[in-house]
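Asks: So that we are looking at the same thing, I have put the structure below in structure tokens.
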2 protein chains.
Amino acid sequence: MDQFAQPRLKMADVARIAGVSVATVSRALAGSPLVSEETRARIEAAVRDTGYVVNQVASGLRLQRSRQILVLLPDIANPFFGEVVLGIEEEAQRQGFGVLIGNTARNPEREAALARQFQTGAVDGLVLLTGHKPPGIPPTRLVGVSEHIADPAIAVVSIDNRAAAREAVTYLLALGHRKVAHIGGPTGNILTQQRHAGFLDALGGDADPALVQFGDYSIASGEAAMHALLPAQPTAVFCSNDEMAIGAIRAARASGLHVPHELSVVGFDDIPFAGAYDPPLTTIRQPRRDMGRVAARVLLAALDDQDMPRPAVLPHTLIVRASTGPADGK
Amino acid sequence: MDQFAQPRLKMADVARIAGVSVATVSRALAGSPLVSEETRARIEAAVRDTGYVVNQVASGLRLQRSRQILVLLPDIANPFFGEVVLGIEEEAQRQGFGVLIGNTARNPEREAALARQFQTGAVDGLVLLTGHKPPGIPPTRLVGVSEHIADPAIAVVSIDNRAAAREAVTYLLALGHRKVAHIGGPTGNILTQQRHAGFLDALGGDADPALVQFGDYSIASGEAAMHALLPAQPTAVFCSNDEMAIGAIRAARASGLHVPHELSVVGFDDIPFAGAYDPPLTTIRQPRRDMGRVAARVLLAALDDQDMPRPAVLPHTLIVRASTGPADGK
DNA sequence: TTGTACGCGTTATCAT
DNA sequence: ATGATAACGCGTACAA
């Protein structure tokens with residue numbers, strides 16, 4: 001009952017069936033003008049009849065390029081990345097490139113295995129959503145998205161995180177809040193630093209240390225950080241991402257505080273669930289799909305030109321929803 | 001200033017440096033015992049010095065296998081898949097396989113491009129999280145996860161969706177609910193049908209049509225479906241996934257109903273946000289990571305044995321949280 | 001317009 | 001234990 005897969009056709013098979021040489025088949029399939037209409041038709045018929053598809057591995061070996069790019073994700077479960085990937089795919093497809101995704105899971109071994117796909121020509125370029133270049137590969141044919149890469153030779157497509165954070169906090173101040181707290185991510189993280197800097201900017205330079213906590217961008221860590229902040233009695237908190245903002249809301253509620261009447265909460269990213277949470281989250285929206293599109297465009301241009309891709313800064317938006325309100329609670 | 005990437009080393013370069021033939025280098029790198037310790041050391045030194053890595057494309061062409069598998073996702077933004085992918089990666093890595101991810105985005109063109117990666121040997125096997133086999137490829141070296149595949153030759157790793165749905169609804173009945181509604185997914189979808197069947201099972205065979213609505217597994221569609229159900233005054237609703245459950249809660253609240261006092265809501269999947277929502281969602285947990293692990297195991301076994309993989313049914317769990325309560329509202 | 005033949009970087013066979 | 005060489009399947013000079 002078990003059908004054995006028939007050995008896959010090669011170009012020579014198609015050539016034989018069409019009564020031509022492999023060279024002609026290759027040319028016909030590549031759309032070369034050096035093929036008569038009549039032979040082209042015969043070849044196309046043979047391809048249709050047999051269901052032949054060109055072997056991308058052999059072709060890639062010969063051409064030294066695969067027309068594939070690989071997107072490296074640190075955490076495939078992070079809802080931030082989905083839309084970025086869609087943007088990348090959109091632009092790549094437009095330019096005839098395929099997109100593969102690799103999940104490093106912050107595991108050096110997996111990252112190395114994926115980097116090898118790049119080093120050995122299985123993919124032509126890399127989009128880094130991981131915030132760092134895999135060790136041991138040259139900083140060329142790479143582009144970063146969202147998070148800055150330590151290697152200055154690598155262009156990054158992002159928003160102005162510092163300005164966005166400043167804007168979010170300024171908004172809270174405009175609502176009359178005077179004790180604005182901040183929950184950041186891991187302190188070593190560049191995004192954390194940029195958004196923290198924007199927080200300080202808005203406050204005029206420095207903040208009460210009792211009003212600043214750092215988590216790890218998870219809901220649980222936001223919850224813990226908010227519990228630690230509550231004794232200082234902030235009336236508003238700016239969180240470095242939406243997950244921690246949700247955690248902050250949970251902690252506030254657990255302590256009997258109403259959001260937004262007694263505590264305003266601002267997130268960052270506008271992940272898919274942000275608008276569906278109760279209350280819907282006020283947050284900074286990153287143009288994720290555009291970021292992906294631009295990143296792909298920058299990378300693919302660099303593949304052709306061989307010259308250094310330029311970084312791009314895209315506009316963010318403050319999305320005001322129901323997790324924030326006036327300082328006096330109405 | 002622009003460093004040109006040095007042309008990549010080939011095995012012949014390493015051979016030259018180590019003063020041996022490429023055949024010996026190949027053997028040494030493959031761990032063959034037919035290499036003297038002394039030459040092996042020289043070769044390893046050369047590899048370290050140069051940073052040489054074997055070209056997987058050339059190797060794959062020669063060996064006719066890549067030791068890579070490709071996971072096909074219908075929607076990379078769907079939070080259900082993250083943990084499944086982790087399970088797949090875990091097992092694949094254990095067996096020395098790499099994992100790539102392809103997002104079809106329900107776009108036939110992208111799906112075809114990804115299927116070609118498989119057809120042409122860039123990857124050895126396919127894990128389908130899409131619910132269907134890409135057209136035009138033989139049903140071998142494939143395994144499905146979660147959703148049944150139309151082609152009976154393809155093994156699927158899943159839970160017993162019908163039994164799980166029955167269990168969820170039975171739990172609601174045990175709480176004293178008599179008007180239990182259901183929000184399903186697209187009616188053509190197999191998961192929708194199985195979970196709907198389980199809903200009917202628990203009710204003893206049939207349900208009031210006014211208590212059944214179908215959405216598209218999105219939050220918005222759950223919201224719309226719940227609005228349509230409200231006139232029938234259900235005291236509980238079983239939703240075919242967590243997103244629609246969240247939508248149902250939003251709709252109930254918008255109509256002034258308290259969850260769970262006036263309406264109990266059960267979801268399905270236990271996506272990462274389910275426990276963090278307010279109220280935390282009662283739902284059916286699928287053992288996502290295990291499903292991924294088992295799927296990888298089944299697929300990789302099939303790659304060796306050439307025989308048909310066997311389907312697997314894994315245990316689900318009803319997770320009771322705060323979105324459900326007794327029918328009398330306390 | 002078409003065909004012949006070589007090379008892309010490996011691995012395996014067959015010598016030695 | 002090691003080396004020469006033929007494949008793997010394709011693309012492209014070069015020849016015809």
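Letters A, B, ... mark the chains of the structure tokens in the order given; residue numbers begin at 1 per chain; ligand numbers begin at 1, in order shown.
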Within 12 Å of chain B, which residues of chain D show up when using only C-alpha atoms (C1' of nucleotides), listed as a CSV table (one decimal) with N, CA and C atoms (P, O5', C5', C4', C3', O3' and C1' of nucleotides), in the first residue's frame?
Replies:
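Okay, part_0.csv is ready:
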chain,number,residue,atom,x,y,z
D,1,DA,P,44.3,3.2,9.9
D,1,DA,O5',44.8,4.5,9.1
D,1,DA,C5',46.0,5.0,9.3
D,1,DA,C4',46.5,5.7,8.1
D,1,DA,C3',45.8,7.0,7.8
D,1,DA,O3',46.7,8.0,7.4
D,1,DA,C1',45.6,5.5,5.9
D,2,DT,P,46.4,9.4,7.1
D,2,DT,O5',46.2,9.4,5.5
D,2,DT,C5',47.3,9.5,4.7
D,2,DT,C4',46.9,9.3,3.3
D,2,DT,C3',46.1,10.4,2.6
D,2,DT,O3',47.0,11.2,1.9
D,2,DT,C1',45.4,8.3,1.9
D,3,DG,P,46.5,12.5,1.2
D,3,DG,O5',46.2,11.9,-0.3
D,3,DG,C5',47.2,11.1,-0.9
D,3,DG,C4',46.7,10.7,-2.3
D,3,DG,C3',46.0,11.8,-3.1
D,3,DG,O3',46.4,11.8,-4.4
D,3,DG,C1',44.5,10.0,-2.9
D,4,DA,P,46.2,13.0,-5.4
D,4,DA,O5',45.3,12.3,-6.5
D,4,DA,C5',45.8,11.1,-7.2
D,4,DA,C4',44.6,10.5,-8.1
D,4,DA,C3',43.9,11.5,-9.0
D,4,DA,O3',43.7,10.8,-10.2
D,4,DA,C1',42.4,10.4,-7.5
D,5,DT,P,42.9,11.5,-11.4
D,5,DT,O5',41.4,11.2,-11.1
D,5,DT,C5',41.0,9.8,-11.0
D,5,DT,C4',39.5,9.7,-10.9
D,5,DT,C3',38.7,10.7,-11.7
D,5,DT,O3',37.5,10.1,-12.2
D,5,DT,C1',38.0,10.8,-9.5
D,6,DA,P,36.9,10.5,-13.5
D,6,DA,O5',35.4,9.9,-13.3
D,6,DA,C5',35.2,8.6,-12.8
D,6,DA,C4',34.0,8.6,-11.9
D,6,DA,C3',32.8,9.2,-12.6
D,6,DA,O3',31.6,8.5,-12.2
D,6,DA,C1',33.2,10.2,-10.5
D,7,DA,P,30.3,8.6,-13.1
D,7,DA,O5',29.8,10.1,-12.8
D,7,DA,C5',28.5,10.2,-12.6
D,7,DA,C4',28.2,10.2,-11.1
D,7,DA,C3',27.0,11.2,-10.8
D,7,DA,O3',25.9,10.4,-10.3
D,7,DA,C1',28.9,11.6,-9.3
D,8,DC,P,24.5,10.8,-10.7
D,8,DC,O5',24.1,11.9,-9.7
D,8,DC,C5',23.9,11.7,-8.3
D,8,DC,C4',23.7,13.0,-7.6
D,8,DC,C3',23.0,14.0,-8.4
D,8,DC,O3',21.6,14.0,-8.0
D,8,DC,C1',24.9,15.0,-7.3
D,9,DG,P,20.5,13.8,-9.2
D,9,DG,O5',20.4,15.3,-9.8
D,9,DG,C5',19.8,16.3,-8.9
D,9,DG,C4',20.1,17.7,-9.5
D,9,DG,C3',19.5,17.8,-10.9
D,9,DG,O3',18.7,18.9,-10.9
D,9,DG,C1',21.7,18.6,-10.9
D,10,DC,P,18.0,19.6,-12.2
D,10,DC,O5',19.0,20.8,-12.5
D,10,DC,C5',19.0,21.9,-11.5
D,10,DC,C4',20.1,22.8,-11.8
D,10,DC,C3',20.0,23.7,-13.0
D,10,DC,O3',19.8,25.0,-12.6
D,10,DC,C1',22.2,22.8,-12.8
Asks: Based on DSSP run over this structure's backbone, return all residues of segment 7-229 of chain A in strand (DSSP E), as a ChimeraX atom specification.
Replies: /A:68-73,98-103,125-128,142-145,156-159,180-184,212-214
Asks: Counting only C-alpha atoms (C1' of nucleotides), what are the residues of chain C within 10 Å of chain A, and for each of them which pair of atoms is the nearest and at what distance in Å, to one decimal? Sort the table by chain and rising number, as CSV.
Replies:
residue,atom,partner,partner_atom,distance
C:DT1,C1',A:Val35,CA,6.4
C:DT2,C1',A:Thr24,CA,6.9
C:DG3,C1',A:Ser21,CA,6.5
C:DT4,C1',A:Ala23,CA,9.3
C:DG7,C1',A:Arg62,CA,7.9
C:DC8,C1',A:Arg62,CA,4.4
C:DG9,C1',A:Leu61,CA,7.8
Asks: How about saving the chosen residues, N, CA, C and O atoms (P, O5', C5', C4', C3', O3' and C1' of nucleotides) kept, as a compact mmCIF listing (two decimals), in the first residue's frame?
Replies:
# COMPACT_ATOMS: atom_id res chain seq x y z
P DT C 1 16.50 32.84 -32.72
O5' DT C 1 16.65 31.35 -32.20
C5' DT C 1 16.01 30.31 -32.87
C4' DT C 1 16.91 29.12 -32.82
C3' DT C 1 16.86 28.34 -31.50
O3' DT C 1 16.26 27.09 -31.76
C1' DT C 1 19.09 28.59 -32.31
P DT C 2 15.92 26.09 -30.64
O5' DT C 2 17.30 25.32 -30.40
C5' DT C 2 17.70 24.35 -31.34
C4' DT C 2 19.10 23.89 -31.01
C3' DT C 2 19.25 23.13 -29.70
O3' DT C 2 19.35 21.74 -30.00
C1' DT C 2 21.10 24.57 -30.16
P DG C 3 19.50 20.70 -28.78
O5' DG C 3 21.08 20.51 -28.71
C5' DG C 3 21.78 20.14 -29.90
C4' DG C 3 23.26 20.02 -29.60
C3' DG C 3 23.60 19.16 -28.39
O3' DG C 3 24.72 18.34 -28.72
C1' DG C 3 24.54 21.32 -28.13
P DT C 4 25.23 17.19 -27.74
O5' DT C 4 26.71 17.66 -27.36
C5' DT C 4 27.46 18.47 -28.25
C4' DT C 4 28.81 18.79 -27.62
C3' DT C 4 29.26 17.87 -26.51
O3' DT C 4 30.67 17.78 -26.55
C1' DT C 4 29.01 20.04 -25.64
P DG C 7 36.74 22.98 -15.38
O5' DG C 7 35.89 23.73 -14.27
C5' DG C 7 35.31 25.00 -14.55
C4' DG C 7 34.23 25.28 -13.54
C3' DG C 7 34.57 24.80 -12.12
O3' DG C 7 34.26 25.83 -11.21
C1' DG C 7 32.50 23.87 -12.80
P DC C 8 34.89 25.86 -9.76
O5' DC C 8 33.63 26.00 -8.82
C5' DC C 8 32.67 27.03 -8.96
C4' DC C 8 31.40 26.62 -8.27
C3' DC C 8 31.63 25.81 -7.01
O3' DC C 8 31.68 26.68 -5.89
C1' DC C 8 29.84 24.90 -8.38
P DG C 9 32.94 26.71 -4.93
O5' DG C 9 32.65 25.46 -3.98
C5' DG C 9 31.55 25.52 -3.11
C4' DG C 9 31.32 24.17 -2.50
C3' DG C 9 32.52 23.59 -1.75
O3' DG C 9 32.05 23.14 -0.51
C1' DG C 9 31.72 22.03 -3.30
Asks: Within 7 Å of chain A, which residues of chain B are there when counting only C-alpha atoms? Please give them as a list in words.
Replies: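 Output check: Asn55, Gln56, Val57, Ala58, Leu61, Ile76, Ala77, Pro79, Gly82, Gly98, Leu100, Ile101, Gly102, Ala113, Thr120, Gly121, Ala122, Tyr277 and Asp278 of chain B.
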Asks: Find the distance between atom CA of Gln213 of chain B and atom CA of Ser264 of chain B and write it in Å to one decimal.
Replies: 16.3 Å
Asks: One decimal, in Å: what's the spacing between atom CA of Ile43 of chain B and atom CA of Ala15 of chain B?
Replies: 7.4 Å
Asks: Please give the complete set of residues from segment 142-218 of chain B that DSSP, run on the backbone, assigns to alpha helix (DSSP H), formatted as a count of residues only.
Replies: 28
Asks: Which residues are near Leu129 of chain A? Cut-off 7 Å, only C-alpha atoms (C1' of nucleotides), ignore same chain within fewer than 6 positions. Put them as a VMD selection string.
Replies: chain A and resid 72 to 74 144 to 147
Asks: Just the number, please: distance in Å from atom CA of Thr130 of chain B to atom CA of Leu318 of chain B, one decimal.
Replies: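 That distance, rounded to one decimal, is 24.6 Å.
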